[in-house]
Amino acid sequence: MISPGSTLRALREGKPLVHQITNYVVMNETANATLALGALPVMAHAGEEVEEMARLASALVLNIGTLSEHWVEAMLLAGGSANVRQIPVVLDPVGAGATAYRTATAHRILGLVDVTVLRGNAGEVATLVGAQAEVRGVESMGTGIEAAELAREAARRLGVIASVTGQVDHVSDGDRVLAVSNGHALLSTVTGTGCMSSAITGCFLAAKPGEPLESAAEALAAFGVAAEDAAVGAGGPGTFHARLYDALYALDPETLDGRAHIDEL
Amino acid sequence: MISPGSTLRALREGKPLVHQITNYVVMNETANATLALGALPVMAHAGEEVEEMARLASALVLNIGTLSEHWVEAMLLAGGSANVRQIPVVLDPVGAGATAYRTATAHRILGLVDVTVLRGNAGEVATLVGAQAEVRGVESMGTGIEAAELAREAARRLGVIASVTGQVDHVSDGDRVLAVSNGHALLSTVTGTGCMSSAITGCFLAAKPGEPLESAAEALAAFGVAAEDAAVGAGGPGTFHARLYDALYALDPETLDGRAHIDEL
Amino acid sequence: MISPGSTLRALREGKPLVHQITNYVVMNETANATLALGALPVMAHAGEEVEEMARLASALVLNIGTLSEHWVEAMLLAGGSANVRQIPVVLDPVGAGATAYRTATAHRILGLVDVTVLRGNAGEVATLVGAQAEVRGVESMGTGIEAAELAREAARRLGVIASVTGQVDHVSDGDRVLAVSNGHALLSTVTGTGCMSSAITGCFLAAKPGEPLESAAEALAAFGVAAEDAAVGAGGPGTFHARLYDALYALDPETLDGRAHIDEL
């Protein structure tokens, strides 16, 4: 059942711990988004402790935005620990396609860790399904039928829930496709809003782990509604960014279902 | 003598350099809190330079929020340099108790560095005094007599000024206990406000190094008063966070003593 | 020709990718400043990918604010790649003079990489030209003739465009000196505004690579005008910081030339 309001309510009651191994640029931002929403972030990347930390958590979020080898190894260790405990794992393949190292690392994690949700933009996801040759105009895929097909194809080939964000977001389990059309143009003017959406996906998966397709779409709708609220009265990217945490904190479970635009294609 | 206003005035006149080896999540935040208050932050962690940097500073703040081995070694080197120069050292044992690695690292630093002030929440400090078995309901210790006793016991057993923050903060040298009841609930909605309170403790110790019990309590009162000011007109965690730096910058030494709630128990 | 408005217009049309290897404290801030201005930031530091990433970029910004050996090696690799492609390179020698390691690293980069613009404060730049002995009162150099001479001398001795920021900024190619007098006192109350000015210098060099003296001065004028706008209505460092991104985003190419104060000395 799709109900972002119910999942948000469960999240605020359960206050799940969400372990994040993410990039240097957005650590503060994803931790604050997690906290403002009502979950508890923990950031830990040392090989000595990531398995233990992942054992305390209700979800694990891996983000390759600023890579280096020790961090990749920590992600693999934490991912293994999460898989043993069967907690959901989100992978954000930041920059896949930009360098060979990023693309290879995303594939390496997908190969060694059972990833629940892959959350990326169309270009990143297309790279990982090997669709570069077939896909023209990644930018233009934001709203059209191609993005829905990309999500479905990625889910099938990679064995994940594919969450492809853009002007309209598409989330697929390889069969069904949910389209989420909340959000605001100012999101693209602030670094790390994609990373935040991955962190919030982890939070929603932790709150409702049994229905990852629905949880992943609900997370994007909730984040999009918060962005819509934050944009009201914002003077630009900086004040929008500050107001985004206010809006996540103020998200009302009672009205969220009515404001969320989630359509099954 | 307890006078946060006088210490703040001394800080703004002296502009002490406060060397911080802290975690990736809050580096920007603790640097900005230090700067807004009127001191000068410097963040450096390379083994090649930490001893030299610690020799330039008036206080050293160590924070284990995102650990790895190289960073721990840098903390030990800088701590040794600070001890030789007899400048105050603050340790923030972020997450002690959550993983064995964090608990062991906090103990390792406490064993090898002469720490002036240990600033943590009740759970972290209880872990380090080995009080887990005896302490029930860490959360509930925020205001009661147990928190005061925890601070006193930690100070005695660990040979530090123990600064245990919560709804009411308790600072003890093992004999006297000062309770600080400034602050605001929004502090707990922003990542790194605990880390900021440790950084500000370092600033106040630098400004009045001879009375660490008093300086540590004054720092928490000043930070709490700034939080009270920041909350006025804040729309939630994000705008509160931005306004917190405004409030630290605007803290008035003339009125601070009257607004600080510091009681000797 | 000096026209910050024209260069900003070109930047917004071309949306150049600016590769930044910078310090942990300000990564989010310089990425957001770059994005708000209208360029695209990418942060990558792994030895495995920096050369490839630098090949995608239109400018490279190196910042030694939080050093360690792996990062220095990555900077040298990326710098070499940028030089082969003849894209502009900005070096921000944060803290040169504070420790021997920082001074030596800045010299090492200057020796091995063809740096286009060196952007630092008077103390950092004076250290690198070996002028410590001759220069008294680094702070006081902000406005006077000494700062202009320092910029000229640094440019000559180090073979760079020297961009020395202070209350008035001085940019020199060793012959001409441009003085930029935009800006606001609140800039010095926020960590990383110097680093932001280096990032924005990289953006302007990417937008107009053939005239680095002019581009570097235009960048400082544009950033200074944004700071002037951000200060209007700001309540202190925190809200000024948020509004600074709003102001960069709202910078109007049509009026920028009239507001920029760039004088050839």
# chains A, B, ... in the order shown; residues from 1 in each chain; ligands from 1
call {"tool": "select_by_dssp", "arguments": {"residues": "stretch 115-231 of chain C", "states": "alpha helix (DSSP H)", "output": "short mmCIF file (atom, residue, chain, number, x, y, z; two decimals) with N, CA and C atoms, in the first residue's frame"}}
result
data_model
loop_
_atom_site.label_atom_id
_atom_site.label_comp_id
_atom_site.auth_asym_id
_atom_site.auth_seq_id
_atom_site.Cartn_x
_atom_site.Cartn_y
_atom_site.Cartn_z
N ALA C 122 47.42 37.93 2.34
CA ALA C 122 48.75 38.55 2.27
C ALA C 122 49.79 37.71 3.00
N GLY C 123 49.43 37.16 4.14
CA GLY C 123 50.40 36.38 4.91
C GLY C 123 50.84 35.13 4.17
N GLU C 124 49.88 34.43 3.57
CA GLU C 124 50.20 33.21 2.83
C GLU C 124 51.09 33.52 1.62
N VAL C 125 50.72 34.55 0.88
CA VAL C 125 51.48 34.88 -0.33
C VAL C 125 52.86 35.40 0.04
N ALA C 126 52.94 36.20 1.10
CA ALA C 126 54.24 36.72 1.53
C ALA C 126 55.17 35.57 1.91
N THR C 127 54.64 34.58 2.59
CA THR C 127 55.44 33.40 2.94
C THR C 127 56.03 32.76 1.69
N LEU C 128 55.22 32.65 0.66
CA LEU C 128 55.65 31.92 -0.54
C LEU C 128 56.65 32.72 -1.39
N ILE C 145 49.77 50.24 -0.20
CA ILE C 145 50.60 50.06 -1.36
C ILE C 145 51.39 48.75 -1.25
N GLU C 146 51.68 48.33 0.01
CA GLU C 146 52.46 47.12 0.20
C GLU C 146 51.77 45.91 -0.42
N ALA C 147 50.44 45.83 -0.32
CA ALA C 147 49.73 44.68 -0.85
C ALA C 147 49.85 44.62 -2.36
N ALA C 148 49.77 45.79 -3.00
CA ALA C 148 49.92 45.83 -4.45
C ALA C 148 51.32 45.36 -4.85
N GLU C 149 52.32 45.82 -4.11
CA GLU C 149 53.69 45.41 -4.41
C GLU C 149 53.90 43.92 -4.16
N LEU C 150 53.25 43.43 -3.08
CA LEU C 150 53.33 41.99 -2.78
C LEU C 150 52.77 41.18 -3.94
N ALA C 151 51.63 41.59 -4.46
CA ALA C 151 51.02 40.86 -5.57
C ALA C 151 51.94 40.88 -6.79
N ARG C 152 52.49 42.04 -7.09
CA ARG C 152 53.37 42.16 -8.25
C ARG C 152 54.63 41.28 -8.07
N GLU C 153 55.19 41.35 -6.87
CA GLU C 153 56.41 40.60 -6.60
C GLU C 153 56.15 39.09 -6.64
N ALA C 154 55.02 38.67 -6.06
CA ALA C 154 54.67 37.24 -6.07
C ALA C 154 54.48 36.75 -7.50
N ALA C 155 53.82 37.55 -8.30
CA ALA C 155 53.60 37.17 -9.70
C ALA C 155 54.92 36.99 -10.43
N ARG C 156 55.84 37.94 -10.20
CA ARG C 156 57.14 37.85 -10.86
C ARG C 156 57.95 36.66 -10.40
N ARG C 157 58.06 36.53 -9.08
CA ARG C 157 58.95 35.48 -8.58
C ARG C 157 58.40 34.08 -8.80
N LEU C 158 57.07 33.94 -8.72
CA LEU C 158 56.47 32.60 -8.78
C LEU C 158 55.92 32.27 -10.17
N THR C 193 35.24 31.45 3.20
CA THR C 193 34.92 32.43 2.16
C THR C 193 36.15 32.69 1.27
N GLY C 194 37.34 32.57 1.85
CA GLY C 194 38.55 32.64 1.02
C GLY C 194 38.58 31.49 0.03
N CYS C 195 38.26 30.30 0.51
CA CYS C 195 38.22 29.12 -0.37
C CYS C 195 37.16 29.29 -1.46
N MET C 196 36.03 29.89 -1.09
CA MET C 196 34.99 30.15 -2.10
C MET C 196 35.53 31.09 -3.17
N SER C 197 36.29 32.11 -2.75
CA SER C 197 36.80 33.06 -3.75
C SER C 197 37.76 32.35 -4.70
N SER C 198 38.49 31.36 -4.20
CA SER C 198 39.38 30.58 -5.08
C SER C 198 38.55 29.74 -6.06
N ALA C 199 37.48 29.13 -5.57
CA ALA C 199 36.62 28.32 -6.43
C ALA C 199 35.99 29.19 -7.52
N ILE C 200 35.54 30.37 -7.13
CA ILE C 200 34.91 31.27 -8.09
C ILE C 200 35.94 31.79 -9.09
N THR C 201 37.17 31.96 -8.62
CA THR C 201 38.26 32.31 -9.56
C THR C 201 38.39 31.22 -10.62
N GLY C 202 38.33 29.96 -10.18
CA GLY C 202 38.37 28.85 -11.14
C GLY C 202 37.22 28.91 -12.13
N CYS C 203 36.04 29.26 -11.65
CA CYS C 203 34.87 29.36 -12.52
C CYS C 203 35.07 30.45 -13.58
N PHE C 204 35.55 31.61 -13.15
CA PHE C 204 35.74 32.73 -14.09
C PHE C 204 36.87 32.44 -15.08
N LEU C 205 37.92 31.76 -14.62
CA LEU C 205 38.99 31.37 -15.55
C LEU C 205 38.45 30.40 -16.59
N ALA C 206 37.56 29.50 -16.17
CA ALA C 206 36.97 28.55 -17.11
C ALA C 206 36.12 29.27 -18.15
N ALA C 207 35.43 30.33 -17.71
CA ALA C 207 34.53 31.06 -18.61
C ALA C 207 35.29 31.96 -19.57
N PRO C 212 43.72 35.64 -17.93
CA PRO C 212 43.63 35.24 -16.52
C PRO C 212 43.73 36.40 -15.53
N LEU C 213 44.48 37.44 -15.85
CA LEU C 213 44.55 38.59 -14.94
C LEU C 213 43.16 39.20 -14.79
N GLU C 214 42.51 39.44 -15.91
CA GLU C 214 41.18 40.04 -15.89
C GLU C 214 40.16 39.10 -15.23
N SER C 215 40.19 37.83 -15.62
CA SER C 215 39.22 36.88 -15.08
C SER C 215 39.35 36.77 -13.56
N ALA C 216 40.58 36.75 -13.06
CA ALA C 216 40.80 36.61 -11.62
C ALA C 216 40.26 37.82 -10.87
N ALA C 217 40.47 39.01 -11.43
CA ALA C 217 39.95 40.22 -10.79
C ALA C 217 38.43 40.28 -10.87
N GLU C 218 37.90 39.88 -12.01
CA GLU C 218 36.44 39.87 -12.17
C GLU C 218 35.77 38.92 -11.18
N ALA C 219 36.41 37.79 -10.95
CA ALA C 219 35.85 36.81 -10.01
C ALA C 219 35.74 37.41 -8.61
N LEU C 220 36.79 38.11 -8.19
CA LEU C 220 36.75 38.72 -6.85
C LEU C 220 35.72 39.83 -6.78
N ALA C 221 35.57 40.58 -7.85
CA ALA C 221 34.56 41.64 -7.86
C ALA C 221 33.16 41.03 -7.79
N ALA C 222 32.92 39.98 -8.56
CA ALA C 222 31.60 39.35 -8.56
C ALA C 222 31.28 38.77 -7.18
N PHE C 223 32.27 38.11 -6.57
CA PHE C 223 32.05 37.54 -5.24
C PHE C 223 31.82 38.67 -4.23
N GLY C 224 32.57 39.75 -4.37
CA GLY C 224 32.41 40.88 -3.46
C GLY C 224 31.04 41.54 -3.58
N VAL C 225 30.57 41.69 -4.80
CA VAL C 225 29.23 42.27 -5.01
C VAL C 225 28.17 41.35 -4.40
N ALA C 226 28.33 40.04 -4.58
CA ALA C 226 27.38 39.10 -3.97
C ALA C 226 27.40 39.24 -2.45
N ALA C 227 28.58 39.41 -1.88
CA ALA C 227 28.68 39.59 -0.42
C ALA C 227 27.97 40.87 0.02
N GLU C 228 28.12 41.91 -0.77
CA GLU C 228 27.42 43.17 -0.44
C GLU C 228 25.91 42.96 -0.44
N ASP C 229 25.42 42.22 -1.42
CA ASP C 229 23.98 41.94 -1.48
C ASP C 229 23.55 41.05 -0.31
N ALA C 230 24.37 40.04 0.00
CA ALA C 230 24.02 39.09 1.07
C ALA C 230 23.95 39.78 2.42
N ALA C 231 24.77 40.80 2.61
CA ALA C 231 24.82 41.47 3.90
C ALA C 231 23.54 42.26 4.19
#
call {"tool": "calpha_fit_and_write", "arguments": {"fixed": "chain C", "moving": "chain A", "output": "short mmCIF file (atom, residue, chain, number, x, y, z; two decimals) with C-alpha atoms, in the first residue's frame"}}
result
data_model
loop_
_atom_site.label_atom_id
_atom_site.label_comp_id
_atom_site.auth_asym_id
_atom_site.auth_seq_id
_atom_site.Cartn_x
_atom_site.Cartn_y
_atom_site.Cartn_z
CA MET A 1 38.91 43.78 -21.44
CA ILE A 2 37.53 43.87 -17.93
CA SER A 3 33.85 42.97 -17.79
CA PRO A 4 32.71 40.70 -14.99
CA GLY A 5 29.18 40.86 -16.38
CA SER A 6 30.24 39.46 -19.74
CA THR A 7 32.30 36.72 -18.14
CA LEU A 8 29.43 35.79 -15.83
CA ARG A 9 27.11 35.63 -18.83
CA ALA A 10 29.54 33.34 -20.65
CA LEU A 11 29.82 31.18 -17.53
CA ARG A 12 26.07 30.74 -17.23
CA GLU A 13 25.77 29.85 -20.90
CA GLY A 14 28.70 27.43 -20.95
CA LYS A 15 28.18 25.92 -17.48
CA PRO A 16 31.84 24.86 -17.22
CA LEU A 17 32.80 21.86 -15.09
CA VAL A 18 35.22 22.96 -12.36
CA HIS A 19 37.21 20.16 -10.73
CA GLN A 20 38.05 20.93 -7.11
CA ILE A 21 40.43 19.08 -4.83
CA THR A 22 39.86 20.99 -1.66
CA ASN A 23 39.73 20.68 2.09
CA TYR A 24 37.17 18.80 4.18
CA VAL A 25 35.98 21.94 5.96
CA VAL A 26 34.67 23.78 2.91
CA MET A 27 33.86 21.16 0.28
CA ASN A 28 30.15 21.66 0.56
CA GLU A 29 30.55 25.43 0.61
CA THR A 30 32.74 25.73 -2.50
CA ALA A 31 30.56 23.26 -4.39
CA ASN A 32 27.46 25.27 -3.51
CA ALA A 33 29.10 28.58 -4.42
CA THR A 34 30.12 27.13 -7.78
CA LEU A 35 26.63 25.80 -8.42
CA ALA A 36 24.86 28.97 -7.27
CA LEU A 37 27.02 31.03 -9.59
CA GLY A 38 26.03 28.87 -12.56
CA ALA A 39 28.99 26.52 -13.09
CA LEU A 40 29.18 22.80 -12.27
CA PRO A 41 31.41 21.59 -9.43
CA VAL A 42 32.97 18.15 -9.26
CA MET A 43 34.91 17.02 -6.22
CA ALA A 44 37.20 14.00 -6.72
CA HIS A 45 40.49 13.15 -5.06
CA ALA A 46 41.17 9.44 -5.62
CA GLY A 47 44.48 8.75 -7.36
CA GLU A 48 42.54 6.28 -9.51
CA GLU A 49 40.42 8.98 -11.10
CA VAL A 50 41.77 12.49 -10.67
CA GLU A 51 43.59 12.59 -14.00
CA GLU A 52 40.50 11.41 -15.84
CA MET A 53 38.28 13.85 -13.98
CA ALA A 54 40.64 16.75 -14.68
CA ARG A 55 40.37 15.84 -18.36
CA LEU A 56 36.63 16.47 -18.27
CA ALA A 57 36.95 19.82 -16.56
CA SER A 58 37.43 23.39 -17.79
CA ALA A 59 39.41 24.44 -14.72
CA LEU A 60 41.10 22.85 -11.72
CA VAL A 61 41.15 24.30 -8.20
CA LEU A 62 43.68 22.98 -5.68
CA ASN A 63 43.31 23.88 -1.99
CA ILE A 64 45.63 22.65 0.76
CA GLY A 65 43.38 23.52 3.70
CA THR A 66 43.37 20.03 5.23
CA LEU A 67 46.41 18.25 3.94
CA SER A 68 47.57 14.70 3.88
CA GLU A 69 50.02 12.92 1.65
CA HIS A 70 47.53 11.04 -0.54
CA TRP A 71 45.71 14.26 -1.24
CA VAL A 72 48.89 16.08 -2.23
CA GLU A 73 49.74 13.29 -4.64
CA ALA A 74 46.25 13.53 -6.13
CA MET A 75 46.69 17.29 -6.56
CA LEU A 76 49.96 16.73 -8.42
CA LEU A 77 48.39 14.11 -10.70
CA ALA A 78 45.38 16.29 -11.45
CA GLY A 79 47.61 19.31 -11.96
CA GLY A 80 49.72 17.43 -14.48
CA SER A 81 46.61 16.37 -16.36
CA ALA A 82 45.29 19.95 -16.34
CA ASN A 83 48.61 21.27 -17.65
CA VAL A 84 48.67 18.78 -20.52
CA ARG A 85 45.20 19.94 -21.51
CA GLN A 86 46.14 23.58 -20.86
CA ILE A 87 43.15 24.29 -18.66
CA PRO A 88 43.66 26.92 -15.95
CA VAL A 89 44.79 25.85 -12.47
CA VAL A 90 44.10 27.82 -9.27
CA LEU A 91 46.12 27.15 -6.11
CA ASP A 92 44.85 28.23 -2.69
CA PRO A 93 47.79 27.83 -0.25
CA VAL A 94 45.65 27.78 2.91
CA GLY A 95 47.79 28.18 5.99
CA ALA A 96 51.13 28.51 4.18
CA GLY A 97 53.47 29.88 6.80
CA ALA A 98 51.56 28.32 9.70
CA THR A 99 53.40 24.99 9.49
CA ALA A 100 56.48 23.91 7.57
CA TYR A 101 54.47 21.13 5.92
CA ARG A 102 51.99 23.56 4.43
CA THR A 103 54.64 25.93 3.19
CA ALA A 104 56.64 23.06 1.67
CA THR A 105 53.54 21.58 0.05
CA ALA A 106 52.56 24.88 -1.54
CA HIS A 107 56.11 25.23 -2.92
CA ARG A 108 56.03 21.62 -4.12
CA ILE A 109 52.80 22.20 -6.06
CA LEU A 110 54.11 25.49 -7.47
CA GLY A 111 57.26 23.67 -8.56
CA LEU A 112 55.59 20.72 -10.25
CA VAL A 113 52.36 22.20 -11.58
CA ASP A 114 52.01 25.18 -13.89
CA VAL A 115 49.68 27.24 -11.67
CA THR A 116 47.69 29.96 -13.42
CA VAL A 117 46.44 31.87 -10.39
CA LEU A 118 47.71 31.76 -6.82
CA ARG A 119 44.86 33.03 -4.59
CA GLY A 120 45.71 33.65 -0.94
CA ASN A 121 45.77 36.23 1.82
CA ALA A 122 48.74 38.55 2.29
CA GLY A 123 50.40 36.37 4.92
CA GLU A 124 50.19 33.21 2.84
CA VAL A 125 51.48 34.87 -0.31
CA ALA A 126 54.24 36.71 1.54
CA THR A 127 55.42 33.39 2.95
CA LEU A 128 55.65 31.92 -0.53
CA VAL A 129 57.69 34.79 -1.96
CA GLY A 130 60.00 34.53 1.04
CA ALA A 131 59.10 38.04 2.04
CA GLN A 132 58.53 37.38 5.72
CA ALA A 133 61.69 39.15 6.72
CA GLU A 134 60.88 42.27 4.76
CA VAL A 135 57.17 42.44 5.41
CA ARG A 136 56.02 43.92 8.69
CA GLY A 137 52.44 43.83 9.76
CA VAL A 138 50.76 41.43 7.41
CA GLU A 139 47.39 42.53 8.68
CA SER A 140 48.03 46.12 7.77
CA MET A 141 48.92 45.21 4.22
CA GLY A 142 45.25 44.80 3.36
CA THR A 143 44.74 48.17 1.85
CA GLY A 144 48.05 49.88 1.34
CA ILE A 145 50.62 50.06 -1.37
CA GLU A 146 52.48 47.13 0.20
CA ALA A 147 49.74 44.69 -0.84
CA ALA A 148 49.94 45.84 -4.44
CA GLU A 149 53.71 45.40 -4.39
CA LEU A 150 53.35 42.00 -2.77
CA ALA A 151 51.03 40.86 -5.55
CA ARG A 152 53.40 42.16 -8.23
CA GLU A 153 56.43 40.60 -6.57
CA ALA A 154 54.68 37.24 -6.06
CA ALA A 155 53.61 37.17 -9.69
CA ARG A 156 57.16 37.85 -10.86
CA ARG A 157 58.96 35.45 -8.56
CA LEU A 158 56.48 32.59 -8.76
CA GLY A 159 55.46 32.97 -12.41
CA VAL A 160 51.74 33.14 -11.66
CA ILE A 161 48.88 35.59 -11.58
CA ALA A 162 48.96 36.52 -7.90
CA SER A 163 45.57 37.22 -6.36
CA VAL A 164 46.05 38.62 -2.87
CA THR A 165 42.79 39.12 -1.04
CA GLY A 166 42.15 41.40 1.90
CA GLN A 167 40.05 44.46 2.62
CA VAL A 168 41.06 45.50 -0.88
CA ASP A 169 42.16 42.70 -3.21
CA HIS A 170 45.19 43.01 -5.49
CA VAL A 171 45.67 40.91 -8.61
CA SER A 172 48.87 41.12 -10.62
CA ASP A 173 50.62 39.44 -13.51
CA GLY A 174 53.95 40.88 -12.39
CA ASP A 175 53.49 44.00 -14.45
CA ARG A 176 49.95 45.32 -14.13
CA VAL A 177 48.09 45.42 -10.82
CA LEU A 178 44.29 45.45 -10.53
CA ALA A 179 42.75 46.50 -7.22
CA VAL A 180 39.28 45.19 -6.35
CA SER A 181 37.41 46.94 -3.58
CA ASN A 182 34.13 45.07 -3.41
CA GLY A 183 33.19 42.88 -0.45
CA HIS A 184 31.81 43.07 3.07
CA ALA A 185 33.19 42.69 6.59
CA LEU A 186 30.88 39.71 7.28
CA LEU A 187 32.95 37.61 4.85
CA SER A 188 35.62 37.28 7.52
CA THR A 189 33.12 35.84 10.01
CA VAL A 190 32.36 32.74 7.91
CA THR A 191 34.81 29.87 7.43
CA GLY A 192 35.74 29.15 3.85
CA THR A 193 34.91 32.42 2.16
CA GLY A 194 38.53 32.65 1.02
CA CYS A 195 38.21 29.11 -0.37
CA MET A 196 34.99 30.15 -2.10
CA SER A 197 36.78 33.05 -3.75
CA SER A 198 39.36 30.58 -5.10
CA ALA A 199 36.61 28.31 -6.43
CA ILE A 200 34.91 31.27 -8.10
CA THR A 201 38.25 32.31 -9.56
CA GLY A 202 38.37 28.85 -11.15
CA CYS A 203 34.87 29.37 -12.53
CA PHE A 204 35.74 32.73 -14.08
CA LEU A 205 38.99 31.37 -15.55
CA ALA A 206 36.98 28.55 -17.12
CA ALA A 207 34.55 31.05 -18.62
CA LYS A 208 37.30 33.33 -20.00
CA PRO A 209 40.57 31.37 -19.98
CA GLY A 210 42.60 33.62 -22.25
CA GLU A 211 42.82 36.63 -19.95
CA PRO A 212 43.63 35.23 -16.49
CA LEU A 213 44.56 38.58 -14.93
CA GLU A 214 41.20 40.03 -15.86
CA SER A 215 39.23 36.87 -15.05
CA ALA A 216 40.82 36.61 -11.61
CA ALA A 217 39.95 40.22 -10.77
CA GLU A 218 36.43 39.87 -12.17
CA ALA A 219 35.85 36.80 -10.00
CA LEU A 220 36.75 38.72 -6.84
CA ALA A 221 34.55 41.64 -7.86
CA ALA A 222 31.59 39.34 -8.55
CA PHE A 223 32.05 37.55 -5.24
CA GLY A 224 32.40 40.88 -3.46
CA VAL A 225 29.22 42.26 -5.00
CA ALA A 226 27.37 39.09 -3.97
CA ALA A 227 28.67 39.58 -0.42
CA GLU A 228 27.40 43.16 -0.44
CA ASP A 229 23.96 41.92 -1.47
CA ALA A 230 23.99 39.09 1.08
CA ALA A 231 24.79 41.46 3.91
CA VAL A 232 21.60 43.43 3.33
CA GLY A 233 19.12 42.05 5.85
CA ALA A 234 21.54 39.47 7.27
CA GLY A 235 21.35 39.01 11.03
CA GLY A 236 24.93 37.80 11.42
CA PRO A 237 27.35 35.19 10.04
CA GLY A 238 24.85 32.32 9.71
CA THR A 239 22.10 34.08 7.80
CA PHE A 240 24.75 35.99 5.80
CA HIS A 241 26.23 32.63 4.78
CA ALA A 242 22.87 31.30 3.55
CA ARG A 243 22.11 34.56 1.75
CA LEU A 244 25.52 34.51 0.06
CA TYR A 245 24.39 31.59 -2.14
CA ASP A 246 21.14 33.41 -2.86
CA ALA A 247 23.15 36.45 -3.92
CA LEU A 248 25.55 34.48 -6.15
CA TYR A 249 22.55 32.87 -7.83
CA ALA A 250 20.86 36.25 -8.31
CA LEU A 251 23.94 38.11 -9.58
CA ASP A 252 22.82 40.11 -12.59
CA PRO A 253 25.27 40.25 -15.51
CA GLU A 254 23.54 43.41 -16.74
CA THR A 255 24.37 45.47 -13.67
CA LEU A 256 27.55 43.74 -12.51
CA ASP A 257 30.00 45.87 -14.49
CA GLY A 258 28.56 49.03 -12.98
CA ARG A 259 28.79 47.68 -9.44
CA ALA A 260 32.27 46.16 -9.72
CA HIS A 261 35.09 48.32 -8.36
CA ILE A 262 38.17 47.24 -10.29
CA ASP A 263 40.92 49.83 -10.68
CA GLU A 264 44.22 49.49 -12.44
CA LEU A 265 46.92 50.91 -10.20
#
